[in-house]
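K.L.:
Sharing a structure below in structure tokens format, with a few things to ask.
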Amino acid sequence: MAGAKRKPTKLGKDRRRKHHHWRVTVYYGDGEAFARVYIDLERARRFAEREKKSPVVERTRITRIS
């Protein structure tokens with residue numbers, strides 16, 4: 001049976017995820033946090049850089065969530 005093909009699994013038919021999701025978390029000086037989810041890493045990076053320019057933002061973090 002060297003040429004026999006395996007039976008396809010259901011995992012190969014899973015079409016739910018076509019891209020990764022990226023969460024941008026913005027931390028403010030007063031301890032508050034705000035998060036936004038993007039499917040494009042470049043847009044997430046641009047949003048984080050834009051938010052860093054604000055004087056009330058302490059830091060930003062980009063995390064892949066899927």
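Going by the structure tokens order, chains are called A, B, ..., each with residues numbered from 1, while ligands are numbered from 1 in the order shown.
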Pick out the residues sitting within 8 Å of Thr63 in chain A, and hand them over as a ChimeraX atom specification; count only C-alpha atoms, and ignore anything fewer than 5 positions along from it in its own chain.

P.N.:
/A:22-24

K.L.:
Residues as selected, all heavy atoms, written as a PDB file, in the first residue's frame, can you do that?

P.N.:
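File result35.pdb, as written:
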```
ATOM      1  N   TRP A  22      -4.914  40.703  15.360  1.00  0.00           N
ATOM      2  CA  TRP A  22      -3.916  41.431  16.133  1.00  0.00           C
ATOM      3  C   TRP A  22      -4.638  42.415  17.039  1.00  0.00           C
ATOM      4  O   TRP A  22      -5.439  43.217  16.577  1.00  0.00           O
ATOM      5  CB  TRP A  22      -2.962  42.174  15.206  1.00  0.00           C
ATOM      6  CG  TRP A  22      -2.288  41.252  14.249  1.00  0.00           C
ATOM      7  CD1 TRP A  22      -2.719  40.910  13.008  1.00  0.00           C
ATOM      8  CD2 TRP A  22      -1.086  40.529  14.464  1.00  0.00           C
ATOM      9  NE1 TRP A  22      -1.845  40.023  12.438  1.00  0.00           N
ATOM     10  CE2 TRP A  22      -0.833  39.779  13.310  1.00  0.00           C
ATOM     11  CE3 TRP A  22      -0.186  40.461  15.527  1.00  0.00           C
ATOM     12  CZ2 TRP A  22       0.277  38.952  13.192  1.00  0.00           C
ATOM     13  CZ3 TRP A  22       0.915  39.638  15.409  1.00  0.00           C
ATOM     14  CH2 TRP A  22       1.137  38.899  14.257  1.00  0.00           C
ATOM     15  N   ARG A  23      -4.364  42.346  18.342  1.00  0.00           N
ATOM     16  CA  ARG A  23      -4.978  43.256  19.304  1.00  0.00           C
ATOM     17  C   ARG A  23      -3.963  44.332  19.688  1.00  0.00           C
ATOM     18  O   ARG A  23      -2.856  44.022  20.117  1.00  0.00           O
ATOM     19  CB  ARG A  23      -5.429  42.513  20.552  1.00  0.00           C
ATOM     20  CG  ARG A  23      -6.051  43.453  21.588  1.00  0.00           C
ATOM     21  CD  ARG A  23      -6.610  42.730  22.785  1.00  0.00           C
ATOM     22  NE  ARG A  23      -5.667  41.786  23.331  1.00  0.00           N
ATOM     23  CZ  ARG A  23      -6.003  40.561  23.765  1.00  0.00           C
ATOM     24  NH1 ARG A  23      -7.240  40.162  23.710  1.00  0.00           N
ATOM     25  NH2 ARG A  23      -5.075  39.751  24.242  1.00  0.00           N
ATOM     26  N   VAL A  24      -4.366  45.588  19.524  1.00  0.00           N
ATOM     27  CA  VAL A  24      -3.534  46.715  19.941  1.00  0.00           C
ATOM     28  C   VAL A  24      -4.115  47.214  21.261  1.00  0.00           C
ATOM     29  O   VAL A  24      -5.274  47.612  21.322  1.00  0.00           O
ATOM     30  CB  VAL A  24      -3.542  47.854  18.899  1.00  0.00           C
ATOM     31  CG1 VAL A  24      -2.676  49.006  19.367  1.00  0.00           C
ATOM     32  CG2 VAL A  24      -3.090  47.350  17.551  1.00  0.00           C
TER      33      VAL A  24
END
```

K.L.:
Taking only C-alpha atoms into account, name the residue in A:Ala33, A:Lys18, A:Tyr28, A:Arg61 that is nearest to Glu49 in chain A.

P.N.:
A:Arg61

K.L.:
Enumerate as number ranges by chain all residues of chain A assigned to helix (DSSP H, G or I) by DSSP on the backbone, naming them with the chain letters and numbers the document uses.

P.N.:
A: 10-13, 41-52

K.L.:
Store the residues picked out above in a file with N, CA and C atoms, as a tab-separated table (two decimals), in the first residue's frame.

P.N.:
```tsv
chain	number	residue	atom	x	y	z
A	10	LYS	N	-11.32	16.29	8.83
A	10	LYS	CA	-12.22	17.44	8.87
A	10	LYS	C	-11.46	18.74	9.11
A	11	LEU	N	-10.25	18.64	9.69
A	11	LEU	CA	-9.46	19.82	9.97
A	11	LEU	C	-9.12	20.57	8.68
A	12	GLY	N	-8.88	19.85	7.61
A	12	GLY	CA	-8.56	20.47	6.34
A	12	GLY	C	-9.71	21.26	5.75
A	13	LYS	N	-10.91	20.97	6.20
A	13	LYS	CA	-12.10	21.66	5.68
A	13	LYS	C	-12.53	22.83	6.55
A	41	LEU	N	-1.65	43.29	10.23
A	41	LEU	CA	-0.60	43.69	11.16
A	41	LEU	C	-0.09	45.09	10.88
A	42	GLU	N	0.02	45.46	9.63
A	42	GLU	CA	0.52	46.79	9.29
A	42	GLU	C	-0.42	47.88	9.79
A	43	ARG	N	-1.71	47.68	9.67
A	43	ARG	CA	-2.67	48.67	10.20
A	43	ARG	C	-2.60	48.74	11.72
A	44	ALA	N	-2.39	47.60	12.36
A	44	ALA	CA	-2.25	47.59	13.81
A	44	ALA	C	-1.01	48.39	14.23
A	45	ARG	N	0.08	48.21	13.51
A	45	ARG	CA	1.31	48.95	13.83
A	45	ARG	C	1.12	50.45	13.63
A	46	ARG	N	0.45	50.83	12.55
A	46	ARG	CA	0.23	52.26	12.30
A	46	ARG	C	-0.64	52.88	13.38
A	47	PHE	N	-1.67	52.14	13.83
A	47	PHE	CA	-2.53	52.65	14.89
A	47	PHE	C	-1.74	52.83	16.18
A	48	ALA	N	-0.89	51.84	16.51
A	48	ALA	CA	-0.09	51.93	17.73
A	48	ALA	C	0.87	53.12	17.68
A	49	GLU	N	1.51	53.33	16.54
A	49	GLU	CA	2.43	54.47	16.39
A	49	GLU	C	1.69	55.80	16.51
A	50	ARG	N	0.52	55.87	15.93
A	50	ARG	CA	-0.27	57.10	16.00
A	50	ARG	C	-0.69	57.39	17.44
A	51	GLU	N	-1.06	56.36	18.18
A	51	GLU	CA	-1.49	56.55	19.56
A	51	GLU	C	-0.33	56.96	20.47
A	52	LYS	N	0.87	56.48	20.17
A	52	LYS	CA	2.05	56.80	20.99
A	52	LYS	C	2.37	58.29	20.97
```

K.L.:
Expressed in Å to a single decimal, how great is the separation between CA of Ile65 in chain A and CA of Gly31 in chain A?

P.N.:
22.6 Å
